[in-house]
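Asks: Quick one: this structure, given as structure tokens, is what I'll be asking you about.
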Amino acid sequence: MSAALLESWEKLKTETPNLRIREAGKILGVSEAELLATKLGKGVSLLKKDWAGFLAATPKLGYVMALTRNEPCVHERKGEYKDISVNGMMGLVVGEDIDLRIFLSQWKIGFYSEENKGDSVLKSFQFFDKYGEAIHKIYTTDKSNLEGWAEVKEEFAVTDLALPEAIEKKQPATPPAPVSISVPDFLNDWAALQDTHDFFPLLRKYNVSRKTALEIAQGKFTKKVDNDVFQKLLTECRDQGQEIMIFVGNDGMIQIHTGPVSKLEVMGPWFNVLDPIFNLHLRADLIQETWVVEKPTKDGYVTSLELFGENELLILQLFGKRKPGIPQSETWANLARNYMK
């Protein structure tokens, strides 16, 4: 079966040379992890399921490109893995460039891969969930420490030639059940927030989804806006020199870019940031809803733009650059609040 799948994949790549593995998997009816597993022993190795140990070793890799995505959006950031901590199933990387929030309970399969790219070899570590969907990938750059890559491969790669467990089939999402809550109490609790991180406990307390919460708070703390507002607002931030924070994630990872953006381009359905250290690729046609959101904190209001896709997927969050204890910039607040009028 693996040999037949590999043959089908190779035939597909011949017919469509630039087809990415994620799209090839969709065409062939398998997950990305299953497709990658067809190359075990042929430039691809499984990794030990010691995710905390692997994360602790990532500084050895040097300057790399970190990639995290969901279906409509790909977030790519170059830099080094620094200031790493793991507490149980939660991990953090909070270096100046690579900034991650990690949920290790979702990590099920890891691979080391070497892929020929012209005259060079592109090396990567890739991690997937139980459905074979990509959580996080780390790629070499021309500034990577290849000796460090060899050390990490030696420590964590294994010689098994089959996946350790079957890939589960993802079931269609069920619509959230209608909720009945005290709206005044919910809005009062929202108004009493002291930190942006207090928002998650608020959702749990009232057993509402994030998007439902925004709908309840519309007119007081939120406003639904047109789906082209992300492109407009990011362009305004670029033109006014406003540094921003862009969060993109999935169930196993959130990846954050903090800093300016410069080169913005539209290519078909894709809206792209194409800067030297940060790339973003967003399928604008897959955005279903866009919201401006305000949360009170002890440092003043924090304003964000939140993009949702199918089945209430949180595609992306956009903030002005800020740190705890420091109010958000007035430039950012004014730009974002213009869309709440």
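Numbering starts fresh at 1 for the residues of each chain in the structure tokens, the chains themselves are lettered A, B, ... in the order given, and ligands are numbered from 1 as they appear.
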Could you pull the residues within 12 Å of range 261-269 of chain A, counting only C-alpha atoms, minus those fewer than 4 positions along the same chain, as a VMD selection string?

Replies: chain A and resid 72 to 73 228 230 to 246 257 273 to 287 320 to 321

Asks: Using only C-alpha atoms for the distances, tell me which of A:Ala173, A:Val30, A:Val229, A:Ile21 is nearest to Asn311 in chain A.

Replies: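 With only C-alpha atoms as the atom set, the closest residue is A:Ala173.
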
Asks: From the options A:Ala52, A:Ala157, A:Val44, A:Leu92, which residue's atoms come nearest to Glu114 in chain A, counting only C-alpha atoms?

Replies: A:Val44

Asks: Using only C-alpha atoms, which residue out of A:Leu203, A:Glu7, A:Lys223, A:Thr196 lies closest to Lys323 in chain A?

Replies: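 Using only C-alpha atoms, Lys323 in chain A sits closest to A:Thr196.
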
Asks: One number please: CA of Gly252 in chain A to CA of Glu71 in chain A, in Å, one decimal.

Replies: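 So the answer is 13.7 Å.
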
Asks: Please report, as a PyMOL selection string, each residue of range 87-253 of chain A to which DSSP assigns strand (DSSP E or B) when run on this structure's backbone.

Replies: chain A and resi 87+90-94+99-103+109-117+120-128+134-144+157-158+218+222-225+244-250+253

Asks: Which distance in Å separates CA of Lys108 in chain A and CA of Leu35 in chain A, to one decimal?

Replies: 15.6 Å

Asks: Between CA of Leu305 in chain A and CA of Asn227 in chain A, what is the spacing in Å?

Replies: 10.6 Å

Asks: Just list the residues in range 204-284 of chain A DSSP gives helix (DSSP H, G or I) on the backbone, as number ranges by chain.

Replies: A: 204-206, 210-216, 229-239, 284

Asks: Restricting the output to N, CA and C atoms, write the selected residues as a tab-separated table (two decimals), in the first residue's frame.

Replies:
```tsv
chain	number	residue	atom	x	y	z
A	204	ARG	N	-14.78	29.72	29.00
A	204	ARG	CA	-15.07	28.45	29.69
A	204	ARG	C	-16.18	28.63	30.73
A	205	LYS	N	-16.13	29.73	31.45
A	205	LYS	CA	-17.13	29.97	32.50
A	205	LYS	C	-18.54	29.95	31.92
A	206	TYR	N	-18.72	30.56	30.75
A	206	TYR	CA	-20.05	30.65	30.15
A	206	TYR	C	-20.29	29.59	29.07
A	210	ARG	N	-15.53	31.17	20.97
A	210	ARG	CA	-14.95	32.51	20.80
A	210	ARG	C	-15.84	33.37	19.91
A	211	LYS	N	-16.27	32.82	18.78
A	211	LYS	CA	-17.07	33.62	17.85
A	211	LYS	C	-18.43	33.97	18.45
A	212	THR	N	-19.02	33.03	19.19
A	212	THR	CA	-20.29	33.34	19.86
A	212	THR	C	-20.10	34.49	20.84
A	213	ALA	N	-18.98	34.48	21.55
A	213	ALA	CA	-18.70	35.57	22.49
A	213	ALA	C	-18.63	36.91	21.78
A	214	LEU	N	-17.99	36.94	20.62
A	214	LEU	CA	-17.89	38.19	19.87
A	214	LEU	C	-19.26	38.66	19.40
A	215	GLU	N	-20.10	37.69	19.02
A	215	GLU	CA	-21.46	38.04	18.59
A	215	GLU	C	-22.27	38.63	19.75
A	216	ILE	N	-22.11	38.05	20.94
A	216	ILE	CA	-22.85	38.55	22.11
A	216	ILE	C	-22.41	39.96	22.45
A	229	VAL	N	-10.77	43.97	5.58
A	229	VAL	CA	-10.20	44.91	6.55
A	229	VAL	C	-8.79	44.49	6.96
A	230	PHE	N	-8.50	43.19	7.02
A	230	PHE	CA	-7.13	42.78	7.38
A	230	PHE	C	-6.12	43.36	6.41
A	231	GLN	N	-6.39	43.24	5.12
A	231	GLN	CA	-5.47	43.78	4.12
A	231	GLN	C	-5.35	45.29	4.25
A	232	LYS	N	-6.48	45.96	4.45
A	232	LYS	CA	-6.46	47.42	4.57
A	232	LYS	C	-5.69	47.86	5.82
A	233	LEU	N	-5.97	47.21	6.94
A	233	LEU	CA	-5.35	47.61	8.20
A	233	LEU	C	-3.86	47.32	8.20
A	234	LEU	N	-3.47	46.17	7.65
A	234	LEU	CA	-2.04	45.85	7.61
A	234	LEU	C	-1.30	46.83	6.70
A	235	THR	N	-1.94	47.22	5.61
A	235	THR	CA	-1.34	48.21	4.71
A	235	THR	C	-1.17	49.55	5.42
A	236	GLU	N	-2.17	49.95	6.20
A	236	GLU	CA	-2.08	51.20	6.95
A	236	GLU	C	-0.97	51.13	8.00
A	237	CYS	N	-0.85	49.98	8.65
A	237	CYS	CA	0.23	49.81	9.63
A	237	CYS	C	1.60	49.94	8.96
A	238	ARG	N	1.74	49.32	7.81
A	238	ARG	CA	3.00	49.44	7.06
A	238	ARG	C	3.29	50.90	6.71
A	239	ASP	N	2.28	51.59	6.17
A	239	ASP	CA	2.49	52.96	5.70
A	239	ASP	C	2.79	53.92	6.85
A	284	ALA	N	-7.44	34.72	1.22
A	284	ALA	CA	-8.46	35.71	1.56
A	284	ALA	C	-9.86	35.21	1.26
```

Asks: Could you name the residues that touch Leu100 in chain A at 6 Å or less, counting only C-alpha atoms, but leaving out those on the same chain fewer than 2 positions away, as a count of residues only?

Replies: 4

Asks: Give me the residues near Ser105 in chain A as a PDB file with C-alpha atoms, in the first residue's frame, where near means some atom within 10 Å (using only C-alpha atoms) and where sequence neighbours in that chain fewer than 4 positions away do not count.

Replies:
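result.pdb written:
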```
ATOM      1  CA  TRP A  51       8.895  16.373  22.301  1.00  0.00           C
ATOM      2  CA  GLY A  88       3.862  19.302  31.375  1.00  0.00           C
ATOM      3  CA  MET A  89       2.070  19.483  28.039  1.00  0.00           C
ATOM      4  CA  MET A  90       2.616  23.229  27.623  1.00  0.00           C
ATOM      5  CA  ASP A 129      -1.372  15.560  15.040  1.00  0.00           C
ATOM      6  CA  ASP A 251      -4.581  22.906  17.959  1.00  0.00           C
ATOM      7  CA  GLY A 252      -0.903  22.169  18.677  1.00  0.00           C
TER       8      GLY A 252
END
```
